[in-house]
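S.K.: The following file, coords23.cif, comprises mmCIF, C-alpha atoms:
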```cif
data_upload
loop_
_atom_site.label_atom_id
_atom_site.label_comp_id
_atom_site.auth_asym_id
_atom_site.auth_seq_id
_atom_site.Cartn_x
_atom_site.Cartn_y
_atom_site.Cartn_z
CA MET A 1 12.02 -61.01 -105.34
CA THR A 2 15.72 -61.08 -106.20
CA GLY A 3 16.17 -57.95 -104.07
CA VAL A 4 14.70 -59.72 -101.05
CA ARG A 5 17.06 -62.65 -101.43
CA GLU A 6 20.05 -60.35 -101.72
CA GLN A 7 19.07 -58.48 -98.59
CA VAL A 8 18.50 -61.70 -96.64
CA ALA A 9 21.85 -63.08 -97.81
CA MET A 10 23.67 -59.95 -96.62
CA ALA A 11 21.97 -60.07 -93.22
CA LEU A 12 22.83 -63.75 -92.76
CA ALA A 13 26.44 -63.09 -93.75
CA TYR A 14 26.83 -60.54 -90.94
CA GLU A 15 29.05 -62.50 -88.52
CA SER A 16 28.89 -60.16 -85.52
CA VAL A 17 25.21 -60.97 -84.96
CA PRO A 18 23.97 -64.45 -85.93
CA PHE A 19 20.50 -63.56 -87.23
CA LYS A 20 18.16 -66.38 -88.21
CA ILE A 21 15.83 -65.62 -91.09
CA ASP A 22 13.28 -67.92 -92.72
CA ALA A 23 11.61 -66.61 -95.89
CA GLN A 24 8.04 -67.51 -96.76
CA ILE A 25 6.31 -66.44 -99.97
CA SER A 26 2.54 -66.04 -100.02
CA PRO A 27 0.73 -66.63 -103.34
CA ALA A 28 -1.35 -63.98 -105.05
CA ASP A 29 -4.98 -63.57 -104.05
CA ALA A 30 -7.85 -65.02 -106.08
CA GLU A 31 -8.02 -61.99 -108.41
CA GLY A 32 -4.27 -62.01 -108.87
CA THR A 33 -4.03 -58.29 -108.05
CA SER A 34 -1.88 -58.37 -104.94
CA GLY A 35 1.06 -60.26 -106.32
CA LEU A 36 3.48 -62.05 -104.00
CA VAL A 37 4.12 -60.89 -100.44
CA GLU A 38 7.40 -61.87 -98.86
CA SER A 39 7.22 -62.73 -95.15
CA LEU A 40 10.46 -63.10 -93.24
CA ALA A 41 10.43 -64.86 -89.86
CA VAL A 42 13.35 -63.27 -88.01
CA GLN A 43 15.06 -64.34 -84.80
CA LEU A 44 17.19 -61.56 -83.35
CA PRO A 45 19.58 -62.84 -80.64
CA TYR A 46 20.29 -60.65 -77.65
CA CYS A 47 21.92 -61.60 -74.34
CA GLY A 48 21.10 -65.27 -74.69
CA ARG A 49 17.48 -64.50 -75.55
CA VAL A 50 15.72 -64.34 -78.90
CA ILE A 51 13.37 -61.60 -80.10
CA LYS A 52 11.02 -63.10 -82.68
CA PHE A 53 9.11 -61.09 -85.25
CA HIS A 54 7.91 -61.13 -88.84
CA VAL A 55 9.03 -58.68 -91.50
CA LEU A 56 6.23 -58.19 -94.02
CA LEU A 57 7.17 -56.80 -97.41
CA SER A 58 4.62 -55.35 -99.80
CA ALA A 59 3.58 -56.81 -103.13
CA ARG A 60 6.33 -54.68 -104.66
CA GLY A 61 8.98 -56.59 -102.73
CA THR A 62 11.67 -54.28 -101.37
CA ALA A 63 10.42 -51.17 -103.17
CA LEU A 64 8.69 -49.97 -99.98
CA PRO A 65 9.78 -50.21 -96.33
CA PRO A 66 8.48 -53.33 -94.56
CA ASP A 67 6.00 -53.67 -91.76
CA VAL A 68 6.87 -55.60 -88.60
CA VAL A 69 4.76 -57.86 -86.40
CA PHE A 70 6.24 -59.08 -83.10
CA GLU A 71 5.28 -62.52 -81.86
CA GLU A 72 4.85 -61.25 -78.30
CA GLU A 73 2.55 -58.25 -78.02
CA ALA A 74 4.77 -56.42 -75.52
CA ALA A 75 8.00 -57.17 -77.36
CA GLY A 76 7.64 -54.23 -79.72
CA ASP A 77 6.96 -51.62 -77.03
CA PHE A 78 10.53 -50.35 -77.24
CA VAL A 79 10.29 -49.05 -80.80
CA GLU A 80 8.23 -46.69 -82.96
CA LEU A 81 8.65 -48.09 -86.45
CA ALA A 82 7.67 -44.84 -88.13
CA GLN A 83 10.70 -43.14 -86.55
CA LEU A 84 13.36 -45.68 -87.52
CA ARG A 85 16.12 -44.08 -89.58
CA SER A 86 16.68 -47.29 -91.52
CA LEU A 87 13.04 -47.36 -92.66
CA LEU A 88 12.90 -43.66 -93.44
CA ALA A 89 16.00 -44.07 -95.61
CA TRP A 90 14.87 -47.40 -97.12
CA ARG A 91 15.93 -47.79 -100.75
CA GLU A 92 15.14 -50.69 -103.06
CA ASP A 93 18.63 -50.60 -104.58
CA ASN A 94 20.37 -50.88 -101.19
CA PRO A 95 21.25 -54.56 -100.56
CA ALA A 96 22.07 -53.73 -96.91
CA ALA A 97 18.66 -52.16 -96.19
CA LEU A 98 17.35 -55.17 -94.26
CA LEU A 99 20.59 -55.56 -92.31
CA GLU A 100 20.61 -51.87 -91.36
CA PHE A 101 17.01 -52.19 -90.15
CA LEU A 102 17.79 -55.26 -88.02
CA LEU A 103 20.87 -53.64 -86.49
CA GLU A 104 18.96 -50.48 -85.65
CA LEU A 105 16.19 -52.55 -84.09
CA ARG A 106 18.76 -54.39 -81.98
CA GLN A 107 20.39 -51.12 -80.91
CA LEU A 108 17.03 -49.68 -79.85
CA TYR A 109 16.35 -52.81 -77.80
CA GLN A 110 19.69 -52.27 -76.07
CA HIS A 111 18.76 -48.66 -75.26
CA HIS A 112 15.39 -49.90 -73.99
CA GLN A 113 17.15 -52.25 -71.55
CA ARG A 114 19.24 -49.38 -70.22
CA SER A 115 16.07 -47.34 -69.61
CA LEU A 116 14.76 -50.23 -67.47
CA LEU A 117 17.77 -49.93 -65.13
CA ALA A 118 15.87 -47.13 -63.37
CA ALA A 119 13.68 -49.86 -61.84
CA VAL A 120 16.71 -51.58 -60.27
CA ALA A 121 17.02 -50.24 -56.73
CA ASP A 122 20.49 -51.72 -56.20
CA GLU A 123 22.80 -48.95 -57.44
CA GLY A 124 25.76 -51.33 -57.48
CA ILE A 125 24.08 -53.63 -59.98
CA ALA A 126 22.98 -50.71 -62.14
CA SER A 127 26.49 -49.20 -62.23
CA GLU A 128 28.03 -52.56 -63.19
CA CYS A 129 25.62 -52.78 -66.11
CA ILE A 130 26.62 -49.32 -67.31
CA CYS A 131 30.28 -50.43 -67.14
CA LEU A 132 29.35 -53.32 -69.41
CA GLU A 133 28.67 -50.87 -72.22
CA LYS A 134 32.44 -50.29 -72.45
CA ILE A 135 32.99 -53.95 -73.34
CA GLU A 136 32.47 -54.77 -76.99
CA GLY A 137 29.73 -57.35 -77.45
CA ALA A 138 28.57 -57.27 -73.80
CA GLU A 139 24.80 -57.25 -73.30
CA TYR A 140 22.31 -57.19 -70.45
CA VAL A 141 18.58 -57.66 -70.02
CA VAL A 142 16.50 -56.29 -67.15
CA SER A 143 13.73 -58.61 -65.98
CA LEU A 144 10.92 -56.91 -64.07
CA GLU A 145 9.07 -60.14 -63.36
CA GLY A 146 8.62 -61.19 -59.75
CA SER A 147 8.97 -59.20 -56.54
CA SER A 148 12.34 -57.62 -57.37
CA PRO A 149 14.08 -56.80 -60.66
CA LYS A 150 16.86 -59.04 -61.94
CA VAL A 151 19.59 -58.31 -64.45
CA ILE A 152 21.00 -60.95 -66.78
CA CYS A 153 24.37 -60.20 -68.39
CA ASN A 154 26.22 -61.89 -71.22
CA ILE A 155 29.88 -60.93 -71.60
CA PRO A 156 32.19 -62.26 -74.32
CA VAL A 157 35.71 -63.32 -73.38
CA VAL A 158 38.50 -63.02 -75.96
CA LEU A 159 41.88 -64.63 -75.24
CA SER A 160 44.16 -62.84 -77.70
CA SER A 161 47.29 -64.65 -76.51
CA LEU A 162 46.04 -68.03 -77.75
CA PRO A 163 46.06 -69.52 -81.26
CA LEU A 164 42.28 -69.22 -81.63
CA PRO A 165 40.03 -67.87 -84.40
CA ILE A 166 39.92 -64.07 -84.55
CA GLY A 167 36.66 -62.15 -84.57
CA LYS A 168 34.57 -64.47 -82.39
CA PRO A 169 34.40 -64.79 -78.58
CA HIS A 170 36.32 -67.73 -77.18
CA ALA A 171 34.03 -67.95 -74.15
CA SER A 172 31.14 -66.07 -72.60
CA VAL A 173 30.28 -65.28 -69.00
CA ASN A 174 26.60 -65.30 -68.09
CA ILE A 175 25.79 -63.48 -64.85
CA LEU A 176 22.48 -63.21 -63.04
CA TYR A 177 22.30 -60.27 -60.64
CA ALA A 178 19.56 -60.22 -58.06
CA GLN A 179 19.15 -57.82 -55.16
CA ARG A 180 20.71 -58.92 -51.87
CA GLN A 181 22.15 -62.07 -53.48
CA SER A 182 25.58 -63.09 -54.72
CA PRO A 183 25.78 -63.13 -58.51
CA ASP A 184 25.04 -66.47 -60.17
CA VAL A 185 27.61 -67.25 -62.88
CA THR A 186 27.83 -69.77 -65.72
CA LEU A 187 30.72 -70.06 -68.15
CA THR A 188 30.25 -71.14 -71.76
CA ILE A 189 33.29 -72.32 -73.75
CA SER A 190 33.59 -72.15 -77.55
CA SER A 191 34.37 -75.36 -79.41
CA ALA A 192 37.74 -73.92 -80.53
CA LEU A 193 38.77 -73.21 -76.93
CA GLU A 194 37.37 -76.52 -75.68
CA ALA A 195 39.66 -78.36 -78.14
CA LEU A 196 42.70 -76.74 -76.47
CA LEU A 197 41.64 -77.25 -72.87
CA PRO A 198 42.49 -80.36 -70.84
CA ASP A 199 39.81 -82.96 -70.21
CA LYS A 200 37.99 -80.87 -67.61
CA ALA A 201 36.86 -77.36 -68.55
CA PRO A 202 37.45 -74.89 -65.71
CA ARG A 203 34.59 -73.84 -63.51
CA PRO A 204 33.88 -70.12 -63.21
CA PRO A 205 35.56 -68.54 -60.18
CA VAL A 206 33.45 -67.60 -57.18
CA TYR A 207 32.03 -64.11 -57.64
CA PRO A 208 31.83 -62.32 -54.24
CA ARG A 209 29.05 -59.77 -54.11
CA GLU A 210 31.46 -57.00 -53.10
CA MET A 211 33.84 -57.58 -56.05
CA PHE A 212 33.78 -55.22 -59.02
CA LEU A 213 32.77 -56.76 -62.34
CA MET A 214 36.00 -55.81 -64.15
CA ASP A 215 38.04 -57.49 -61.42
CA TYR A 216 35.92 -60.59 -61.71
CA LEU A 217 36.33 -60.74 -65.49
CA ALA A 218 40.11 -60.70 -64.94
CA LEU A 219 39.68 -63.75 -62.69
CA VAL A 220 37.70 -65.51 -65.42
CA GLN A 221 40.43 -64.88 -67.98
CA LYS A 222 43.01 -66.21 -65.55
CA ALA A 223 40.90 -69.32 -64.87
CA LEU A 224 40.85 -70.02 -68.61
CA LEU A 225 44.51 -69.25 -69.27
CA VAL A 226 46.11 -71.05 -66.32
CA PRO A 227 45.27 -74.60 -67.50
CA LEU A 228 46.44 -73.77 -71.02
CA GLU A 229 49.66 -72.11 -69.86
CA SER A 230 50.25 -75.02 -67.50
CA GLU A 231 49.78 -77.48 -70.36
CA GLU A 232 52.29 -75.57 -72.50
CA ASN A 233 54.77 -75.63 -69.60
CA ARG A 234 54.21 -79.37 -69.15
CA ARG A 235 54.73 -79.96 -72.87
CA ASN A 236 58.07 -78.12 -72.80
CA PHE A 237 59.05 -80.08 -69.70
CA PHE A 238 58.21 -83.38 -71.43
CA LYS A 239 60.52 -82.42 -74.30
CA ALA A 240 63.32 -81.83 -71.80
CA LEU A 241 62.60 -85.18 -70.14
CA THR A 242 62.88 -87.06 -73.45
CA THR A 243 66.27 -85.43 -74.00
CA THR A 244 67.37 -86.66 -70.57
CA PHE A 245 65.70 -90.08 -70.30
CA GLY A 246 65.21 -91.02 -73.95
CA ARG A 247 62.06 -92.23 -75.67
CA PRO A 248 59.07 -92.42 -73.29
CA VAL A 249 57.07 -95.60 -72.84
CA GLU A 250 53.75 -93.74 -72.79
CA TRP A 251 52.28 -90.27 -72.37
CA ASP A 252 48.95 -88.52 -72.92
CA ASN A 253 47.94 -85.71 -75.23
CA HIS A 254 47.44 -83.13 -72.47
CA CYS A 255 50.78 -83.98 -70.86
CA THR A 256 49.42 -85.03 -67.47
CA ARG A 257 51.66 -88.11 -67.11
CA ILE A 258 54.67 -89.70 -68.80
CA SER A 259 56.76 -92.81 -68.10
CA PHE A 260 60.28 -93.98 -68.96
CA VAL A 261 62.41 -97.07 -68.48
CA VAL A 262 65.44 -96.32 -66.32
CA PRO A 263 68.14 -98.98 -67.09
CA GLY A 264 69.90 -100.61 -64.17
CA LYS A 265 73.67 -100.79 -63.74
CA LYS A 266 75.40 -104.15 -64.34
CA ASP A 267 73.11 -106.82 -62.87
CA ASP A 268 70.64 -104.40 -61.30
CA PRO A 269 67.10 -104.53 -62.69
CA ALA A 270 65.60 -101.71 -64.68
CA HIS A 271 62.97 -99.45 -63.18
CA MET A 272 59.86 -97.86 -64.59
CA LEU A 273 59.69 -94.14 -63.87
CA GLU A 274 56.24 -92.54 -63.97
CA ILE A 275 55.90 -88.77 -63.67
CA VAL A 276 52.45 -87.38 -62.83
CA MET A 277 52.00 -83.68 -63.47
CA PRO A 278 49.92 -81.31 -61.32
CA ASP A 279 47.35 -79.07 -63.01
CA ASN A 280 49.16 -75.87 -62.07
CA PHE A 281 52.71 -76.86 -63.02
CA PRO A 282 55.27 -75.40 -62.40
CA ALA A 283 53.75 -73.79 -59.28
CA GLU A 284 53.45 -77.35 -57.90
CA GLN A 285 56.04 -80.04 -58.49
CA PRO A 286 55.39 -83.37 -60.25
CA THR A 287 55.06 -86.67 -58.40
CA LEU A 288 57.67 -89.32 -59.30
CA THR A 289 57.04 -93.06 -58.90
CA LEU A 290 59.78 -95.67 -59.38
CA GLN A 291 58.66 -99.28 -59.94
CA VAL A 292 61.27 -102.07 -60.13
CA MET A 293 60.74 -104.22 -63.24
CA ARG A 294 62.37 -107.34 -61.74
CA LEU A 295 62.08 -107.71 -57.99
CA LEU A 296 65.18 -109.06 -56.21
CA PRO A 297 65.24 -110.40 -52.62
CA GLY A 298 65.66 -107.64 -50.09
CA ARG A 299 64.88 -104.87 -52.57
CA THR A 300 62.05 -102.34 -52.41
CA SER A 301 59.54 -102.82 -55.21
CA ASN A 302 58.52 -99.17 -55.61
CA ARG A 303 58.97 -95.73 -54.16
CA VAL A 304 56.98 -92.51 -54.53
CA LEU A 305 58.92 -89.24 -54.55
CA ARG A 306 56.95 -86.13 -53.71
CA GLU A 307 59.76 -84.10 -52.15
CA TYR A 308 63.01 -83.57 -53.99
CA PRO A 309 65.12 -80.57 -55.05
CA TYR A 310 62.69 -78.38 -56.96
CA SER A 311 62.09 -74.77 -57.92
CA PRO A 312 59.33 -73.46 -60.20
CA ARG A 313 61.85 -70.94 -61.55
CA TRP A 314 64.22 -73.57 -62.94
CA PRO A 315 64.25 -73.96 -66.73
CA ALA A 316 62.74 -77.23 -68.01
CA ALA A 317 66.18 -78.63 -68.98
CA GLU A 318 67.63 -78.00 -65.52
CA LEU A 319 64.60 -79.51 -63.80
CA ALA A 320 64.84 -82.64 -65.95
CA SER A 321 68.56 -82.94 -65.20
CA ARG A 322 68.03 -82.62 -61.43
CA ILE A 323 65.23 -85.19 -61.54
CA ALA A 324 67.57 -87.59 -63.36
CA VAL A 325 70.16 -87.23 -60.58
CA CYS A 326 67.49 -87.79 -57.92
CA VAL A 327 66.17 -90.85 -59.75
CA GLN A 328 69.64 -92.43 -60.05
CA GLU A 329 70.30 -91.89 -56.36
CA THR A 330 66.91 -93.35 -55.42
CA VAL A 331 67.39 -96.39 -57.65
CA ALA A 332 70.76 -97.08 -56.02
CA SER A 333 69.14 -96.99 -52.55
CA MET A 334 66.31 -99.34 -53.56
#
```
As structure tokens, please, write out the structure in this file.

M.R.:
Amino acid sequence: MTGVREQVAMALAYESVPFKIDAQISPADAEGTSGLVESLAVQLPYCGRVIKFHVLLSARGTALPPDVVFEEEAAGDFVELAQLRSLLAWREDNPAALLEFLLELRQLYQHHQRSLLAAVADEGIASECICLEKIEGAEYVVSLEGSSPKVICNIPVVLSSLPLPIGKPHASVNILYAQRQSPDVTLTISSALEALLPDKAPRPPVYPREMFLMDYLALVQKALLVPLESEENRRNFFKALTTTFGRPVEWDNHCTRISFVVPGKKDDPAHMLEIVMPDNFPAEQPTLTLQVMRLLPGRTSNRVLREYPYSPRWPAAELASRIAVCVQETVASM
């Protein structure tokens, strides 16, 4: 039974496919002649679905190739177990034997899904699915239920420019293709990416029916990167502001707003300057609000500045310097 445990441990350690395996050991029969039979309940993930089956090992443990029983009768129609290379080459001393069997089973299921594309009358949908095979980790399932076939795709998104864990998708795009309908899209974010994003995770872009899949995936990447790049730009801008205005009164972790005290000259009161950042900074300029901290007769209590000298191409230090000049001029006029 040690061989079984070693094989299970190796399969569970395979990070590219998160198999789930529960081992159950059956006792010997009444005569004690059959020994122990190891039964492994396996969940094989594929395209957001799970293929469930039981791997039955003989009384001799891993000495002989296993038998397989699928939970759904039709689930095993895609494979002839007697022809599997991994079972024909099964060796008791190979700790990766179970893993090789599971990977081959998964590969055959993928080939089975491609064979089902022949039932999809929409050539555009079928060709997009074939393009998916060029993307590492992308998967699709053809559903023949109902009046017309549907195709469900799951596509990993890796953002290599970000400080995120390597080797795992940072997001996944789930697409439902149906004939004569616009694709239905959902976007799933990894916990590592979610920790970097601002408070609101981006929604998936609209997917027009006439757009090619590769073009759409580029839009998805942009939708994920823009908020993060904007936050990095805002953070650099905040550093420039602190150099210009001094220590801020308050700010938030995602750099959406920051405030400073602007001292008055001589007997003039100080003002509170609040800067609210747009989501797509620097494409859009921040909003400035000046609030007098001690109201004097005949003076304006506050002023909102939405239009002032601004260019998204200016470096952060220059933008902060120009804002300081604008603020001083506004304070003098209040």

S.K.: Which residues come within 7 Å of range 215-231 of chain A, counting all atoms listed in the file, excluding same-chain residues fewer than 3 positions away, as an MDAnalysis selection string?

M.R.: chainID A and resid 197 202 204:205 207 211:212 234:235 254:255 279:281

S.K.: Which one is closest to Val17 in chain A: A:Gln43, A:Asn233, A:Asn253, A:Ser333? Count only C-alpha atoms.

M.R.: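 Of A:Gln43, A:Asn233, A:Asn253, A:Ser333, the one nearest Val17 in chain A, counting only C-alpha atoms, is A:Gln43.
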
S.K.: Would you mind listing what lies within 9 Å of Asn94 in chain A as a list of chain:residue names, with all atoms listed in the file counted and same-chain residues fewer than 4 positions away left out?

M.R.: A:Gly3, A:Gln7, A:Trp90, A:Leu98

S.K.: Quick one: apply the PyMOL selection byres ((chain A and resi 252) around 12) to the file and drop the selected residues here as a count of residues only.

M.R.: 20

S.K.: May I ask which of the residues A:Lys150, A:Arg306, A:Arg203, A:His271 is the closest one to Leu288 in chain A, counting all atoms listed in the file?

M.R.: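 The answer is A:Arg306, which sits nearest to Leu288 in chain A.
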
S.K.: Rank A:Ile175, A:Val292, A:Leu116, A:Ala195 by their smallest atom-to-atom distance to Val262 in chain A, using all atoms listed in the file, and report the top residue only.

M.R.: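 Residue with the minimum atom-to-atom distance to Val262 in chain A: A:Val292.
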
S.K.: Report, in Å with one decimal, the straight-line distance from CA of Val151 in chain A to CA of Tyr177 in chain A.

M.R.: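 Separation between CA of Val151 in chain A and CA of Tyr177 in chain A: 5.1 Å.
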
S.K.: Please return the centre and edge lengths, in Å to one decimal, of a box with edges along x, y and z that contains all listed atoms of range 304-309 of chain A, widened by 6 Å on every side, as JSON.

M.R.:
```
{"center_x": 61.0, "center_y": -86.5, "center_z": -53.6, "size_x": 20.2, "size_y": 23.9, "size_z": 14.9}
```

S.K.: Evaluate the PyMOL selection byres ((chain A and resi 120-128) around 7) on the structure here and hand back the selected residues as a list in words.

M.R.: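 Going through the file, the PyMOL selection byres ((chain A and resi 120-128) around 7) ends up selecting Leu117, Ala118, Ala119, Cys129, Ile130, Cys131, Leu132, Pro149, Tyr177, Gln179 and Leu213 of chain A.
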
S.K.: Mind writing the picked residues with C-alpha atoms as a compact mmCIF listing (two decimals), in the frame of the given file?

M.R.:
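Now in out-v1.txt:
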```txt
# COMPACT_ATOMS: atom_id res chain seq x y z
CA LEU A 117 17.77 -49.93 -65.13
CA ALA A 118 15.87 -47.13 -63.37
CA ALA A 119 13.68 -49.86 -61.84
CA CYS A 129 25.62 -52.78 -66.11
CA ILE A 130 26.62 -49.32 -67.31
CA CYS A 131 30.28 -50.43 -67.14
CA LEU A 132 29.35 -53.32 -69.41
CA PRO A 149 14.08 -56.80 -60.66
CA TYR A 177 22.30 -60.27 -60.64
CA GLN A 179 19.15 -57.82 -55.16
CA LEU A 213 32.77 -56.76 -62.34
```

S.K.: So which residues touch Ala82 in chain A within 12 Å, counting all atoms listed in the file, skipping near sequence neighbours fewer than 3 positions away, as a list in words?

M.R.: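 With the cut-off at 12 Å, the set is Pro65, Pro66, Asp67, Val68, Val79, Arg85, Ser86, Leu87, Leu88, Ala89 and Trp90 of chain A.
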
S.K.: May I have the selected residues written with C-alpha atoms, as a compact mmCIF listing (two decimals), in the frame of the given file?

M.R.:
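Dumped everything to out14.txt:
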```txt
# COMPACT_ATOMS: atom_id res chain seq x y z
CA PRO A 65 9.78 -50.21 -96.33
CA PRO A 66 8.48 -53.33 -94.56
CA ASP A 67 6.00 -53.67 -91.76
CA VAL A 68 6.87 -55.60 -88.60
CA VAL A 79 10.29 -49.05 -80.80
CA ARG A 85 16.12 -44.08 -89.58
CA SER A 86 16.68 -47.29 -91.52
CA LEU A 87 13.04 -47.36 -92.66
CA LEU A 88 12.90 -43.66 -93.44
CA ALA A 89 16.00 -44.07 -95.61
CA TRP A 90 14.87 -47.40 -97.12
```

S.K.: What separation in Å, quoted to one decimal, exists between CA of Leu44 in chain A and CA of Ala192 in chain A?

M.R.: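 Value for the CA of Leu44 in chain A-CA of Ala192 in chain A distance: 24.1 Å.
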
S.K.: Select all residues near (69.2, -99.6, -57.4) (cut-off 9 Å, inclusive, file coordinates), counting all atoms listed in the file, and output them as a list in words.

M.R.: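 These residues have at least one counted atom within 9 Å: Gly264, Lys265, Asp268, Pro269, Ala270, His271, Val292, Arg299, Gln328, Glu329, Thr330, Val331, Ala332, Ser333 and Met334 of chain A.
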
S.K.: For this structure, which residues satisfy the selection - the PyMOL selection byres ((chain A and resi 40) around 7) - when it is evaluated on the file as given? I want them as a PyMOL selection string.

M.R.: chain A and resi 21-24+38-39+41-42+54-56

S.K.: One decimal, Å: what's the distance from CA of Leu159 in chain A over to CA of Ser16 in chain A, could you say?

M.R.: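 Separation between CA of Leu159 in chain A and CA of Ser16 in chain A: 17.2 Å.
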
S.K.: A:Gly146, A:Pro282, A:Pro156, A:Pro309: which is nearest Ala178 in chain A, counting only C-alpha atoms?

M.R.: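 Among the listed residues, A:Gly146 lies closest to Ala178 in chain A.
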
S.K.: Because some atoms of range 167-179 of chain A are absent here, can you restore N, CA and C atoms and send them as a PDB file, keeping the file's coordinate frame?

M.R.:
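Wrote part04.pdb, looks like this:
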```pdb
ATOM      1  N   GLY A 167      37.937 -62.727 -84.191  1.00  0.00           N
ATOM      2  CA  GLY A 167      36.660 -62.150 -84.570  1.00  0.00           C
ATOM      3  C   GLY A 167      35.463 -62.761 -83.863  1.00  0.00           C
ATOM      4  N   LYS A 168      35.659 -63.853 -83.132  1.00  0.00           N
ATOM      5  CA  LYS A 168      34.570 -64.470 -82.390  1.00  0.00           C
ATOM      6  C   LYS A 168      34.996 -64.669 -80.937  1.00  0.00           C
ATOM      7  N   PRO A 169      34.051 -64.548 -79.984  1.00  0.00           N
ATOM      8  CA  PRO A 169      34.400 -64.790 -78.580  1.00  0.00           C
ATOM      9  C   PRO A 169      34.864 -66.222 -78.367  1.00  0.00           C
ATOM     10  N   HIS A 170      35.815 -66.399 -77.486  1.00  0.00           N
ATOM     11  CA  HIS A 170      36.320 -67.730 -77.180  1.00  0.00           C
ATOM     12  C   HIS A 170      35.571 -68.345 -75.992  1.00  0.00           C
ATOM     13  N   ALA A 171      34.881 -67.492 -75.254  1.00  0.00           N
ATOM     14  CA  ALA A 171      34.030 -67.950 -74.150  1.00  0.00           C
ATOM     15  C   ALA A 171      33.062 -66.821 -73.826  1.00  0.00           C
ATOM     16  N   SER A 172      32.067 -67.118 -73.042  1.00  0.00           N
ATOM     17  CA  SER A 172      31.140 -66.070 -72.600  1.00  0.00           C
ATOM     18  C   SER A 172      30.777 -66.329 -71.145  1.00  0.00           C
ATOM     19  N   VAL A 173      30.655 -65.230 -70.413  1.00  0.00           N
ATOM     20  CA  VAL A 173      30.280 -65.280 -69.000  1.00  0.00           C
ATOM     21  C   VAL A 173      28.835 -64.813 -68.885  1.00  0.00           C
ATOM     22  N   ASN A 174      28.009 -65.643 -68.308  1.00  0.00           N
ATOM     23  CA  ASN A 174      26.600 -65.300 -68.090  1.00  0.00           C
ATOM     24  C   ASN A 174      26.388 -65.065 -66.603  1.00  0.00           C
ATOM     25  N   ILE A 175      25.932 -63.873 -66.264  1.00  0.00           N
ATOM     26  CA  ILE A 175      25.790 -63.480 -64.850  1.00  0.00           C
ATOM     27  C   ILE A 175      24.351 -63.075 -64.575  1.00  0.00           C
ATOM     28  N   LEU A 176      23.802 -63.609 -63.503  1.00  0.00           N
ATOM     29  CA  LEU A 176      22.480 -63.210 -63.040  1.00  0.00           C
ATOM     30  C   LEU A 176      22.639 -62.412 -61.754  1.00  0.00           C
ATOM     31  N   TYR A 177      22.286 -61.128 -61.818  1.00  0.00           N
ATOM     32  CA  TYR A 177      22.300 -60.270 -60.640  1.00  0.00           C
ATOM     33  C   TYR A 177      20.899 -60.198 -60.060  1.00  0.00           C
ATOM     34  N   ALA A 178      20.823 -60.396 -58.769  1.00  0.00           N
ATOM     35  CA  ALA A 178      19.560 -60.220 -58.060  1.00  0.00           C
ATOM     36  C   ALA A 178      19.860 -59.459 -56.768  1.00  0.00           C
ATOM     37  N   GLN A 179      18.933 -58.630 -56.346  1.00  0.00           N
ATOM     38  CA  GLN A 179      19.150 -57.820 -55.160  1.00  0.00           C
ATOM     39  C   GLN A 179      19.367 -58.694 -53.925  1.00  0.00           C
TER      40      GLN A 179
END
```
